[in-house]
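Heads up, my_file_36.pdb below (PDB, C-alpha atoms):
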ATOM      1  CA  MET Y  77     -10.276   3.920  29.799
ATOM      2  CA  ALA Y  78      -9.806   3.587  33.490
ATOM      3  CA  ALA Y  79     -12.101   5.214  35.991
ATOM      4  CA  SER Y  80      -9.527   7.891  36.738
ATOM      5  CA  GLY Y  81     -10.441  11.500  36.119
ATOM      6  CA  LYS Y  82      -7.916  12.198  33.366
ATOM      7  CA  ILE Y  83      -9.346  11.758  29.867
ATOM      8  CA  ASP Y  84      -6.746  10.568  27.386
ATOM      9  CA  PRO Y  85      -8.444  10.397  23.982
ATOM     10  CA  MET Y  86      -5.248   9.671  22.043
ATOM     11  CA  HIS Y  87      -4.371   6.503  23.929
ATOM     12  CA  GLN Y  88      -6.621   4.355  21.740
ATOM     13  CA  PHE Y  89      -4.501   5.119  18.674
ATOM     14  CA  THR Y  90      -1.204   3.784  20.034
ATOM     15  CA  VAL Y  91       0.307   1.102  17.848
ATOM     16  CA  GLU Y  92       1.651  -1.719  19.991
ATOM     17  CA  PRO Y  93       3.667  -4.684  18.768
ATOM     18  CA  LEU Y  94       1.851  -7.977  19.341
ATOM     19  CA  VAL Y  95       4.510 -10.295  17.920
ATOM     20  CA  PRO Y  96       7.929  -8.600  18.054
ATOM     21  CA  LEU Y  97       9.968  -9.295  14.945
ATOM     22  CA  HIS Y  98      13.191  -7.597  13.914
ATOM     23  CA  ILE Y  99      15.193  -8.109  10.749
ATOM     24  CA  GLY Y 100      18.482  -6.253  10.915
ATOM     25  CA  SER Y 101      17.663  -2.783  12.109
ATOM     26  CA  TYR Y 102      14.126  -2.957  10.705
ATOM     27  CA  ASP Y 103      11.206  -3.403  13.048
ATOM     28  CA  ILE Y 104       8.610  -5.477  11.219
ATOM     29  CA  SER Y 105       6.666  -6.618  14.272
ATOM     30  CA  LEU Y 106       3.058  -7.660  13.879
ATOM     31  CA  THR Y 107       1.318  -4.700  15.484
ATOM     32  CA  ASN Y 108      -2.293  -4.351  16.563
ATOM     33  CA  SER Y 109      -2.788  -2.146  13.497
ATOM     34  CA  ALA Y 110      -1.606  -4.947  11.204
ATOM     35  CA  ALA Y 111      -3.711  -7.473  13.100
ATOM     36  CA  TRP Y 112      -6.861  -5.377  12.631
ATOM     37  CA  MET Y 113      -6.083  -4.943   8.952
ATOM     38  CA  LEU Y 114      -5.710  -8.707   8.635
ATOM     39  CA  ALA Y 115      -9.046  -9.046  10.424
ATOM     40  CA  ALA Y 116     -10.613  -6.661   7.880
ATOM     41  CA  LEU Y 117      -9.111  -8.765   5.091
ATOM     42  CA  ALA Y 118     -10.474 -11.935   6.694
ATOM     43  CA  VAL Y 119     -13.968 -10.408   7.031
ATOM     44  CA  VAL Y 120     -13.984  -9.339   3.370
ATOM     45  CA  GLY Y 121     -12.603 -12.706   2.287
ATOM     46  CA  PHE Y 122     -15.193 -14.608   4.301
ATOM     47  CA  PHE Y 123     -18.002 -12.408   2.990
ATOM     48  CA  MET Y 124     -16.937 -12.936  -0.617
ATOM     49  CA  TRP Y 125     -16.275 -16.657  -0.141
ATOM     50  CA  GLY Y 126     -19.798 -17.186   1.181
ATOM     51  CA  GLY Y 127     -21.348 -15.514  -1.850
ATOM     52  CA  MET Y 128     -19.279 -16.977  -4.671
ATOM     53  CA  LYS Y 129     -21.373 -20.127  -5.029
ATOM     54  CA  ARG Y 130     -22.674 -19.048  -8.468
ATOM     55  CA  GLN Y 131     -26.128 -20.469  -7.863
ATOM     56  CA  VAL Y 132     -28.722 -19.736 -10.503
ATOM     57  CA  VAL Y 133     -31.245 -18.812  -7.838
ATOM     58  CA  PRO Y 134     -29.159 -16.806  -5.363
ATOM     59  CA  GLY Y 135     -29.639 -17.231  -1.642
ATOM     60  CA  ARG Y 136     -29.559 -14.370   0.851
ATOM     61  CA  TRP Y 137     -25.789 -14.313   1.202
ATOM     62  CA  GLN Y 138     -25.183 -14.365  -2.522
ATOM     63  CA  MET Y 139     -27.738 -11.583  -2.945
ATOM     64  CA  ALA Y 140     -25.801  -9.488  -0.426
ATOM     65  CA  VAL Y 141     -22.519 -10.025  -2.275
ATOM     66  CA  GLU Y 142     -24.147  -9.381  -5.640
ATOM     67  CA  GLY Y 143     -25.729  -6.231  -4.288
ATOM     68  CA  LEU Y 144     -22.334  -4.933  -3.173
ATOM     69  CA  THR Y 145     -20.527  -5.812  -6.392
ATOM     70  CA  GLY Y 146     -23.421  -4.404  -8.416
ATOM     71  CA  PHE Y 147     -23.248  -1.181  -6.399
ATOM     72  CA  ILE Y 148     -19.545  -0.710  -7.165
ATOM     73  CA  ASP Y 149     -20.042  -1.793 -10.801
ATOM     74  CA  ASN Y 150     -22.707   0.869 -11.149
ATOM     75  CA  LEU Y 151     -20.531   3.510  -9.455
ATOM     76  CA  VAL Y 152     -17.641   2.772 -11.814
ATOM     77  CA  HIS Y 153     -19.884   2.680 -14.869
ATOM     78  CA  VAL Y 154     -21.524   5.999 -14.044
ATOM     79  CA  ASN Y 155     -18.266   7.792 -13.274
ATOM     80  CA  ILE Y 156     -15.773   6.325 -15.740
ATOM     81  CA  GLY Y 157     -18.012   4.939 -18.460
ATOM     82  CA  PRO Y 158     -17.700   1.664 -20.349
ATOM     83  CA  GLU Y 159     -13.900   1.733 -20.177
ATOM     84  CA  GLY Y 160     -14.073   1.718 -16.402
ATOM     85  CA  LYS Y 161     -15.048  -1.916 -16.130
ATOM     86  CA  LYS Y 162     -11.453  -3.035 -15.741
ATOM     87  CA  PHE Y 163     -11.006  -0.770 -12.718
ATOM     88  CA  ALA Y 164     -14.052  -2.163 -10.913
ATOM     89  CA  PRO Y 165     -12.044  -4.841  -9.002
ATOM     90  CA  PHE Y 166      -9.623  -2.185  -7.724
ATOM     91  CA  ILE Y 167     -12.393   0.176  -6.592
ATOM     92  CA  PHE Y 168     -14.240  -2.754  -5.074
ATOM     93  CA  SER Y 169     -11.180  -3.859  -3.079
ATOM     94  CA  LEU Y 170     -10.581  -0.308  -1.838
ATOM     95  CA  PHE Y 171     -14.216   0.144  -0.835
ATOM     96  CA  THR Y 172     -14.683  -3.184   0.930
ATOM     97  CA  PHE Y 173     -11.345  -3.009   2.730
ATOM     98  CA  ILE Y 174     -11.933   0.517   4.018
ATOM     99  CA  LEU Y 175     -15.517  -0.299   4.962
ATOM    100  CA  ALA Y 176     -14.492  -3.440   6.859
ATOM    101  CA  ALA Y 177     -11.597  -1.699   8.607
ATOM    102  CA  ASN Y 178     -13.834   1.242   9.592
ATOM    103  CA  LEU Y 179     -16.608  -0.959  10.917
ATOM    104  CA  LEU Y 180     -14.226  -3.270  12.785
ATOM    105  CA  GLY Y 181     -12.853  -0.214  14.541
ATOM    106  CA  MET Y 182     -16.365   0.519  15.813
ATOM    107  CA  LEU Y 183     -16.737  -2.852  17.555
ATOM    108  CA  PRO Y 184     -17.522  -2.345  21.273
ATOM    109  CA  LEU Y 185     -14.659  -4.610  22.329
ATOM    110  CA  ALA Y 186     -13.726  -2.322  25.215
ATOM    111  CA  VAL Y 187     -16.317  -4.062  27.421
ATOM    112  CA  VAL Y 188     -13.640  -6.771  27.799
ATOM    113  CA  PRO Y 189     -11.056  -5.291  30.188
ATOM    114  CA  GLY Y 190      -7.716  -4.661  28.526
ATOM    115  CA  TRP Y 191      -9.137  -4.869  25.012
ATOM    116  CA  HIS Y 192     -10.117  -2.121  22.675
ATOM    117  CA  ALA Y 193     -11.047  -2.045  19.034
ATOM    118  CA  PHE Y 194      -8.442  -0.397  16.837
ATOM    119  CA  ALA Y 195      -9.493   1.480  13.723
ATOM    120  CA  SER Y 196      -6.546   0.956  11.391
ATOM    121  CA  THR Y 197      -7.975   3.588   9.030
ATOM    122  CA  SER Y 198      -7.522   6.241  11.721
ATOM    123  CA  HIS Y 199      -3.792   6.339  10.955
ATOM    124  CA  PHE Y 200      -2.328   8.503   8.258
ATOM    125  CA  SER Y 201       0.221   5.824   7.400
ATOM    126  CA  ILE Y 202      -2.542   3.403   6.372
ATOM    127  CA  THR Y 203      -4.819   5.814   4.532
ATOM    128  CA  GLY Y 204      -1.765   7.501   3.014
ATOM    129  CA  VAL Y 205      -0.631   4.242   1.457
ATOM    130  CA  LEU Y 206      -4.148   3.587   0.133
ATOM    131  CA  ALA Y 207      -4.230   7.094  -1.367
ATOM    132  CA  ILE Y 208      -0.746   6.692  -2.884
ATOM    133  CA  VAL Y 209      -1.825   3.400  -4.463
ATOM    134  CA  SER Y 210      -4.857   4.985  -6.083
ATOM    135  CA  PHE Y 211      -2.891   8.085  -7.119
ATOM    136  CA  SER Y 212      -0.146   5.960  -8.703
ATOM    137  CA  ILE Y 213      -2.742   3.971 -10.611
ATOM    138  CA  VAL Y 214      -4.190   7.241 -11.905
ATOM    139  CA  LEU Y 215      -0.706   8.367 -13.014
ATOM    140  CA  ILE Y 216       0.195   5.027 -14.595
ATOM    141  CA  VAL Y 217      -3.112   4.734 -16.440
ATOM    142  CA  GLY Y 218      -2.947   8.349 -17.589
ATOM    143  CA  PHE Y 219       0.598   8.157 -18.971
ATOM    144  CA  TRP Y 220       0.025   4.673 -20.382
ATOM    145  CA  LYS Y 221      -3.075   5.669 -22.316
ATOM    146  CA  HIS Y 222      -2.240   9.217 -23.366
ATOM    147  CA  GLY Y 223       1.523   9.564 -23.054
ATOM    148  CA  PHE Y 224       2.589  13.167 -22.594
ATOM    149  CA  HIS Y 225      -0.812  14.257 -23.821
ATOM    150  CA  PHE Y 226      -1.868  13.494 -20.232
ATOM    151  CA  PHE Y 227      -0.520  16.935 -19.297
ATOM    152  CA  SER Y 228      -3.444  18.510 -21.169
ATOM    153  CA  LEU Y 229      -5.358  17.616 -18.001
ATOM    154  CA  PHE Y 230      -3.891  20.792 -16.545
ATOM    155  CA  LEU Y 231      -5.453  23.035 -19.194
ATOM    156  CA  PRO Y 232      -9.188  22.434 -19.567
ATOM    157  CA  GLU Y 233     -10.399  22.712 -23.141
ATOM    158  CA  GLY Y 234     -11.828  26.084 -24.116
ATOM    159  CA  THR Y 235      -9.745  28.064 -21.627
ATOM    160  CA  PRO Y 236      -8.936  31.522 -22.995
ATOM    161  CA  TRP Y 237      -5.187  31.812 -23.604
ATOM    162  CA  TYR Y 238      -4.751  34.725 -21.217
ATOM    163  CA  MET Y 239      -6.200  32.621 -18.389
ATOM    164  CA  ALA Y 240      -3.682  29.811 -18.907
ATOM    165  CA  PRO Y 241      -0.914  31.200 -16.643
ATOM    166  CA  LEU Y 242      -3.477  31.282 -13.842
ATOM    167  CA  ILE Y 243      -5.346  28.038 -14.547
ATOM    168  CA  VAL Y 244      -2.348  25.768 -15.093
ATOM    169  CA  PRO Y 245      -0.706  26.290 -11.674
ATOM    170  CA  ILE Y 246      -4.081  25.950  -9.953
ATOM    171  CA  GLU Y 247      -4.823  22.710 -11.774
ATOM    172  CA  ILE Y 248      -1.345  21.348 -11.050
ATOM    173  CA  ILE Y 249      -1.650  22.139  -7.349
ATOM    174  CA  SER Y 250      -5.144  20.673  -7.152
ATOM    175  CA  PHE Y 251      -3.880  17.554  -8.925
ATOM    176  CA  LEU Y 252      -0.890  17.118  -6.627
ATOM    177  CA  VAL Y 253      -2.959  17.707  -3.499
ATOM    178  CA  ARG Y 254      -5.333  14.866  -4.392
ATOM    179  CA  PRO Y 255      -3.586  11.941  -2.641
ATOM    180  CA  PHE Y 256      -3.054  14.099   0.424
ATOM    181  CA  SER Y 257      -6.674  15.202   0.679
ATOM    182  CA  LEU Y 258      -7.907  11.680  -0.068
ATOM    183  CA  ALA Y 259      -5.867  10.227   2.794
ATOM    184  CA  LEU Y 260      -6.485  13.121   5.176
ATOM    185  CA  ARG Y 261     -10.256  12.990   4.772
ATOM    186  CA  LEU Y 262     -10.577   9.323   5.708
ATOM    187  CA  PHE Y 263      -8.037   9.415   8.527
ATOM    188  CA  VAL Y 264      -9.301  12.570  10.199
ATOM    189  CA  ALA Y 265     -12.960  11.583   9.902
ATOM    190  CA  MET Y 266     -12.272   8.261  11.578
ATOM    191  CA  MET Y 267      -9.998   9.754  14.227
ATOM    192  CA  ALA Y 268     -12.445  12.566  15.050
ATOM    193  CA  GLY Y 269     -15.270  10.091  15.526
ATOM    194  CA  HIS Y 270     -13.225   7.874  17.817
ATOM    195  CA  ILE Y 271     -12.014  10.834  19.885
ATOM    196  CA  LEU Y 272     -15.610  12.035  20.258
ATOM    197  CA  MET Y 273     -16.796   8.615  21.406
ATOM    198  CA  GLU Y 274     -13.866   8.296  23.800
ATOM    199  CA  VAL Y 275     -14.440  11.716  25.345
ATOM    200  CA  PHE Y 276     -18.149  11.165  25.890
ATOM    201  CA  GLY Y 277     -17.560   7.601  27.089
ATOM    202  CA  SER Y 278     -15.199   9.035  29.685
ATOM    203  CA  PHE Y 279     -17.866  11.564  30.661
ATOM    204  CA  ILE Y 280     -20.216   8.678  31.458
ATOM    205  CA  VAL Y 281     -17.631   6.819  33.549
ATOM    206  CA  ASN Y 282     -16.378   9.906  35.363
ATOM    207  CA  GLY Y 283     -19.890  11.255  35.892
ATOM    208  CA  LEU Y 284     -21.203   8.043  37.443
ATOM    209  CA  ASN Y 285     -18.058   7.604  39.557
ATOM    210  CA  SER Y 286     -18.309  11.085  41.010
ATOM    211  CA  GLY Y 287     -21.356   9.952  42.986
ATOM    212  CA  SER Y 288     -23.112  13.325  42.886
ATOM    213  CA  VAL Y 289     -26.554  13.909  41.375
ATOM    214  CA  MET Y 290     -25.028  16.335  38.909
ATOM    215  CA  GLY Y 291     -22.504  13.711  37.769
ATOM    216  CA  PHE Y 292     -25.299  11.172  37.364
ATOM    217  CA  GLY Y 293     -27.214  13.613  35.172
ATOM    218  CA  VAL Y 294     -24.130  14.260  33.052
ATOM    219  CA  GLY Y 295     -23.650  10.505  32.699
ATOM    220  CA  ILE Y 296     -27.229   9.932  31.532
ATOM    221  CA  VAL Y 297     -27.111  12.789  29.021
ATOM    222  CA  SER Y 298     -23.735  11.627  27.721
ATOM    223  CA  PHE Y 299     -25.077   8.095  27.343
ATOM    224  CA  LEU Y 300     -28.062   9.255  25.292
ATOM    225  CA  PHE Y 301     -25.731  11.409  23.218
ATOM    226  CA  ILE Y 302     -23.234   8.630  22.596
ATOM    227  CA  VAL Y 303     -25.963   6.290  21.314
ATOM    228  CA  GLY Y 304     -26.788   8.871  18.654
ATOM    229  CA  VAL Y 305     -23.132   9.526  17.913
ATOM    230  CA  GLY Y 306     -22.519   5.781  17.583
ATOM    231  CA  ALA Y 307     -25.267   5.485  14.981
ATOM    232  CA  LEU Y 308     -23.872   8.533  13.177
ATOM    233  CA  GLU Y 309     -20.367   7.044  13.281
ATOM    234  CA  ILE Y 310     -21.543   3.854  11.580
ATOM    235  CA  LEU Y 311     -23.072   6.029   8.869
ATOM    236  CA  ILE Y 312     -19.787   7.968   8.584
ATOM    237  CA  CYS Y 313     -17.841   4.683   8.284
ATOM    238  CA  ALA Y 314     -19.889   3.697   5.245
ATOM    239  CA  LEU Y 315     -19.920   7.237   3.855
ATOM    240  CA  GLN Y 316     -16.155   7.716   4.054
ATOM    241  CA  ALA Y 317     -15.530   4.366   2.373
ATOM    242  CA  TYR Y 318     -17.994   5.389  -0.352
ATOM    243  CA  VAL Y 319     -16.400   8.821  -0.741
ATOM    244  CA  PHE Y 320     -12.933   7.273  -1.059
ATOM    245  CA  ALA Y 321     -14.182   4.906  -3.769
ATOM    246  CA  LEU Y 322     -16.124   7.693  -5.498
ATOM    247  CA  LEU Y 323     -13.186  10.107  -5.577
ATOM    248  CA  THR Y 324     -10.812   7.394  -6.764
ATOM    249  CA  SER Y 325     -13.154   6.597  -9.630
ATOM    250  CA  LEU Y 326     -13.497  10.300 -10.480
ATOM    251  CA  TYR Y 327      -9.703  10.667 -10.582
ATOM    252  CA  LEU Y 328      -9.493   7.536 -12.740
ATOM    253  CA  ASN Y 329     -12.074   9.123 -15.010
ATOM    254  CA  ASP Y 330      -9.717  12.084 -15.476
ATOM    255  CA  ALA Y 331      -6.909   9.721 -16.378
ATOM    256  CA  VAL Y 332      -8.993   7.593 -18.753
ATOM    257  CA  ASN Y 333     -11.058  10.262 -20.488
ATOM    258  CA  LEU Y 334      -8.953  13.441 -20.003
ATOM    259  CA  HIS Y 335     -11.781  15.769 -18.982
TER
ATOM    260  CA  MET Z  13      -0.348  34.871  28.998
ATOM    261  CA  ASP Z  14       1.687  31.693  29.282
ATOM    262  CA  LEU Z  15       2.259  29.279  26.417
ATOM    263  CA  MET Z  16      -0.237  26.666  27.601
ATOM    264  CA  SER Z  17      -3.209  29.020  27.709
ATOM    265  CA  ALA Z  18      -2.179  30.508  24.359
ATOM    266  CA  LYS Z  19      -2.220  26.980  22.920
ATOM    267  CA  MET Z  20      -5.661  26.289  24.306
ATOM    268  CA  ILE Z  21      -7.050  29.556  22.940
ATOM    269  CA  GLY Z  22      -5.431  28.854  19.576
ATOM    270  CA  ALA Z  23      -6.942  25.370  19.431
ATOM    271  CA  GLY Z  24     -10.339  26.819  20.267
ATOM    272  CA  LEU Z  25     -10.005  29.414  17.529
ATOM    273  CA  ALA Z  26      -8.970  26.723  15.054
ATOM    274  CA  ALA Z  27     -12.097  24.764  15.937
ATOM    275  CA  ILE Z  28     -14.268  27.622  14.593
ATOM    276  CA  GLY Z  29     -13.438  26.274  11.144
ATOM    277  CA  THR Z  30     -15.413  23.107  11.823
ATOM    278  CA  GLY Z  31     -18.499  25.253  12.339
ATOM    279  CA  ALA Z  32     -17.899  26.946   9.013
ATOM    280  CA  ALA Z  33     -17.620  23.526   7.379
ATOM    281  CA  ALA Z  34     -20.924  22.580   9.023
ATOM    282  CA  ILE Z  35     -22.529  25.531   7.222
ATOM    283  CA  GLY Z  36     -20.976  24.308   3.981
ATOM    284  CA  VAL Z  37     -22.165  20.726   4.401
ATOM    285  CA  GLY Z  38     -25.629  21.952   5.348
ATOM    286  CA  PHE Z  39     -25.685  24.123   2.265
ATOM    287  CA  VAL Z  40     -24.742  21.169   0.047
ATOM    288  CA  PHE Z  41     -27.457  18.897   1.417
ATOM    289  CA  GLY Z  42     -29.987  21.707   1.660
ATOM    290  CA  SER Z  43     -29.578  22.754  -1.947
ATOM    291  CA  PHE Z  44     -29.714  19.126  -3.018
ATOM    292  CA  LEU Z  45     -32.976  18.551  -1.177
ATOM    293  CA  GLN Z  46     -34.435  21.774  -2.511
ATOM    294  CA  SER Z  47     -33.841  20.811  -6.107
ATOM    295  CA  ALA Z  48     -34.525  17.121  -5.516
ATOM    296  CA  LEU Z  49     -38.007  17.887  -4.256
ATOM    297  CA  ARG Z  50     -38.684  19.975  -7.350
ATOM    298  CA  ASN Z  51     -37.553  17.253  -9.702
ATOM    299  CA  PRO Z  52     -37.504  13.926  -7.832
ATOM    300  CA  ALA Z  53     -37.021  11.948 -11.027
ATOM    301  CA  ALA Z  54     -33.589  13.464 -11.644
ATOM    302  CA  ALA Z  55     -32.449  13.307  -8.012
ATOM    303  CA  ASP Z  56     -31.073   9.755  -8.017
ATOM    304  CA  GLY Z  57     -28.713  10.478 -10.879
ATOM    305  CA  GLN Z  58     -27.055  13.288  -8.935
ATOM    306  CA  GLN Z  59     -26.201  11.387  -5.763
ATOM    307  CA  GLY Z  60     -22.579  10.997  -6.784
ATOM    308  CA  ARG Z  61     -22.263  14.746  -7.120
ATOM    309  CA  LEU Z  62     -24.060  15.208  -3.815
ATOM    310  CA  PHE Z  63     -21.476  13.104  -2.016
ATOM    311  CA  LEU Z  64     -18.650  14.710  -3.954
ATOM    312  CA  GLY Z  65     -19.804  18.125  -2.757
ATOM    313  CA  PHE Z  66     -20.225  16.784   0.747
ATOM    314  CA  ALA Z  67     -16.699  15.334   0.726
ATOM    315  CA  LEU Z  68     -15.108  18.525  -0.560
ATOM    316  CA  ALA Z  69     -16.944  20.712   1.964
ATOM    317  CA  GLU Z  70     -16.264  18.344   4.830
ATOM    318  CA  LEU Z  71     -12.542  18.168   4.063
ATOM    319  CA  LEU Z  72     -12.061  21.803   5.053
ATOM    320  CA  GLY Z  73     -13.743  21.225   8.399
ATOM    321  CA  LEU Z  74     -11.553  18.209   8.962
ATOM    322  CA  MET Z  75      -8.527  20.351   8.134
ATOM    323  CA  ALA Z  76      -9.566  22.824  10.831
ATOM    324  CA  PHE Z  77      -9.981  19.950  13.249
ATOM    325  CA  THR Z  78      -6.534  18.624  12.332
ATOM    326  CA  VAL Z  79      -4.989  22.015  12.962
ATOM    327  CA  ALA Z  80      -6.681  22.182  16.369
ATOM    328  CA  LEU Z  81      -5.331  18.732  17.225
ATOM    329  CA  LEU Z  82      -1.848  19.640  16.010
ATOM    330  CA  ILE Z  83      -1.824  22.718  18.212
ATOM    331  CA  LEU Z  84      -3.058  20.743  21.207
ATOM    332  CA  PHE Z  85      -0.989  17.586  21.003
ATOM    333  CA  VAL Z  86       2.013  18.135  18.733
ATOM    334  CA  PHE Z  87       3.448  21.570  19.459
TER
END
Whole structure, structure tokens version:
Amino acid sequence: MAASGKIDPMHQFTVEPLVPLHIGSYDISLTNSAAWMLAALAVVGFFMWGGMKRQVVPGRWQMAVEGLTGFIDNLVHVNIGPEGKKFAPFIFSLFTFILAANLLGMLPLAVVPGWHAFASTSHFSITGVLAIVSFSIVLIVGFWKHGFHFFSLFLPEGTPWYMAPLIVPIEIISFLVRPFSLALRLFVAMMAGHILMEVFGSFIVNGLNSGSVMGFGVGIVSFLFIVGVGALEILICALQAYVFALLTSLYLNDAVNLH
Amino acid sequence: MDLMSAKMIGAGLAAIGTGAAAIGVGFVFGSFLQSALRNPAAADGQQGRLFLGFALAELLGLMAFTVALLILFVF
């Protein structure tokens, strides 16, 4: 952000083409969003590559990778049960990709003039696709395993018959809202954090530039605040990735075990 | 009242919802801590549910935030 007085918190989310590329009337340019997603992929790939040495006595790096895979393995086992093992790679990919994309977006690259980190997960188009992928897998697994019996998901066992006209629509709506809420949660949490950091960062710049004692005080307070918010944001990055993985595994549990 | 000030007031009103979600999230973590301190041995097994409750409560606050943003920047 420039030193001007106007705070523009939405500017950081603009998607700009880096390498323009058009096929027919389709714009498939490599944008900064795509570049940051590729960076997230590269970080995850590098992390995994460094830990796949299969040593009998693991080094530090391999311990880190094993800790992460063990964490997701445990999550899947607890939430889906023994049948969940085959979904562990999917949950793991979701978790690591979202975590890497979130954390890359937090990089303080803006100290280089003209650069700024771009959180690709702060766009509904990205998180929406991730949510649609996990929702489609839930649907495919559910219909594959149970056929039309999958619809019994909408009527929990033991429901009194007179409650059915009420329960079934509620369950259907709550089922259909799942991909939307999954995507919205991640995207809004990331966007809110970045807006907050941007606004308070601008307070620091504007406060110090104003030259008055009052402005200096505002700048100092904002700086102390933003350090805390930055730490909280890193926690939120990890938490939102975890919540996405957790909810996906819970939804898969519905599809695999039918309540 | 002109449209711009009405928008600002509306966005401010929509932001009240985030405070309500803060109460909800605090309630989730507070109740968890309360019962976790009574039975620490069982606490670790319930962390998934803790975060599930957190996510569900937080979503509503985020919705309120989204509505505030929509009022401010979209309409």
Pull out every residue that the ChimeraX specification (/Z :<10) & /Y matches in the shown coordinates and put them as a PDB file with C-alpha atoms, in the frame of the given file.
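Below is the file result.pdb, written as the result:
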ATOM      1  CA  MET Y  86      -5.248   9.671  22.043  1.00  0.00           C
ATOM      2  CA  LEU Y 151     -20.531   3.510  -9.455  1.00  0.00           C
ATOM      3  CA  VAL Y 154     -21.524   5.999 -14.044  1.00  0.00           C
ATOM      4  CA  ASN Y 155     -18.266   7.792 -13.274  1.00  0.00           C
ATOM      5  CA  SER Y 257      -6.674  15.202   0.679  1.00  0.00           C
ATOM      6  CA  LEU Y 258      -7.907  11.680  -0.068  1.00  0.00           C
ATOM      7  CA  LEU Y 260      -6.485  13.121   5.176  1.00  0.00           C
ATOM      8  CA  ARG Y 261     -10.256  12.990   4.772  1.00  0.00           C
ATOM      9  CA  LEU Y 262     -10.577   9.323   5.708  1.00  0.00           C
ATOM     10  CA  PHE Y 263      -8.037   9.415   8.527  1.00  0.00           C
ATOM     11  CA  VAL Y 264      -9.301  12.570  10.199  1.00  0.00           C
ATOM     12  CA  ALA Y 265     -12.960  11.583   9.902  1.00  0.00           C
ATOM     13  CA  MET Y 267      -9.998   9.754  14.227  1.00  0.00           C
ATOM     14  CA  ALA Y 268     -12.445  12.566  15.050  1.00  0.00           C
ATOM     15  CA  LEU Y 315     -19.920   7.237   3.855  1.00  0.00           C
ATOM     16  CA  GLN Y 316     -16.155   7.716   4.054  1.00  0.00           C
ATOM     17  CA  TYR Y 318     -17.994   5.389  -0.352  1.00  0.00           C
ATOM     18  CA  VAL Y 319     -16.400   8.821  -0.741  1.00  0.00           C
ATOM     19  CA  PHE Y 320     -12.933   7.273  -1.059  1.00  0.00           C
ATOM     20  CA  LEU Y 322     -16.124   7.693  -5.498  1.00  0.00           C
ATOM     21  CA  LEU Y 323     -13.186  10.107  -5.577  1.00  0.00           C
ATOM     22  CA  LEU Y 326     -13.497  10.300 -10.480  1.00  0.00           C
TER      23      LEU Y 326
END
Legend entry - Gap from CA of Leu25 (chain Z) to CA of Val79 (chain Z) - Å, one decimal: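 Interatomic distance here is 10.0 Å.
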Inset, instruction - Quick one: apply the PyMOL selection byres ((chain Z and resi 23) around 12) to the file and drop the selected residues here as a PyMOL selection string. - result: chain Z and resi 16-22+24-30+76-87
Inset, instruction - Please indicate the distance in Å from CA of Glu233 (chain Y) to CA of Asp330 (chain Y), rounded to one decimal place. - result: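 CA of Asp330 (chain Y) lies 13.1 Å from CA of Glu233 (chain Y).
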Inset, instruction - Would you list the contacts of region 40-53 of chain Z as a ChimeraX atom specification, taking every protein, DNA or RNA residue within 9 Å and counting only C-alpha atoms, but skipping same-chain residues closer than 2 positions in sequence? - result: /Z:35-38,55-59,62-63,65-66,69
Write the residues of the preceding selection, restricted to C-alpha atoms, as a PDB file, in the frame of the given file.
ATOM      1  CA  ILE Z  35     -22.529  25.531   7.222  1.00  0.00           C
ATOM      2  CA  GLY Z  36     -20.976  24.308   3.981  1.00  0.00           C
ATOM      3  CA  VAL Z  37     -22.165  20.726   4.401  1.00  0.00           C
ATOM      4  CA  GLY Z  38     -25.629  21.952   5.348  1.00  0.00           C
ATOM      5  CA  ALA Z  55     -32.449  13.307  -8.012  1.00  0.00           C
ATOM      6  CA  ASP Z  56     -31.073   9.755  -8.017  1.00  0.00           C
ATOM      7  CA  GLY Z  57     -28.713  10.478 -10.879  1.00  0.00           C
ATOM      8  CA  GLN Z  58     -27.055  13.288  -8.935  1.00  0.00           C
ATOM      9  CA  GLN Z  59     -26.201  11.387  -5.763  1.00  0.00           C
ATOM     10  CA  LEU Z  62     -24.060  15.208  -3.815  1.00  0.00           C
ATOM     11  CA  PHE Z  63     -21.476  13.104  -2.016  1.00  0.00           C
ATOM     12  CA  GLY Z  65     -19.804  18.125  -2.757  1.00  0.00           C
ATOM     13  CA  PHE Z  66     -20.225  16.784   0.747  1.00  0.00           C
ATOM     14  CA  ALA Z  69     -16.944  20.712   1.964  1.00  0.00           C
TER      15      ALA Z  69
END
Legend entry - Residues returned when the PyMOL selection byres ((chain Y and resi 173-186) around 6) runs on this file, as a PyMOL selection string: chain Y and resi 116+169-172+187-188+191-195+313-314+317
Legend entry - Nearest candidate to Val332 (chain Y) (options Y:Leu229, Y:Ala118, Y:Ala259, Y:Ile246; using all atoms listed in the file):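 Residue with the minimum atom-to-atom distance to Val332 (chain Y): Y:Leu229.
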Legend entry - d(CA of Phe122 (chain Y), CA of Ala164 (chain Y)) in Å: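 So the answer is 19.7 Å.
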Fewer than 2 positions away in the same chain doesn't count, so skip those; otherwise give me all residues within 10 Å of Thr145 (chain Y), counting only C-alpha atoms, as a compact mmCIF listing (two decimals) with C-alpha atoms, keeping the file's coordinate frame.
# COMPACT_ATOMS: atom_id res chain seq x y z
CA MET Y 124 -16.94 -12.94 -0.62
CA MET Y 139 -27.74 -11.58 -2.94
CA ALA Y 140 -25.80 -9.49 -0.43
CA VAL Y 141 -22.52 -10.02 -2.28
CA GLU Y 142 -24.15 -9.38 -5.64
CA GLY Y 143 -25.73 -6.23 -4.29
CA PHE Y 147 -23.25 -1.18 -6.40
CA ILE Y 148 -19.55 -0.71 -7.16
CA ASP Y 149 -20.04 -1.79 -10.80
CA ASN Y 150 -22.71 0.87 -11.15
CA LEU Y 151 -20.53 3.51 -9.46
CA ALA Y 164 -14.05 -2.16 -10.91
CA PRO Y 165 -12.04 -4.84 -9.00
CA PHE Y 168 -14.24 -2.75 -5.07
CA THR Y 172 -14.68 -3.18 0.93
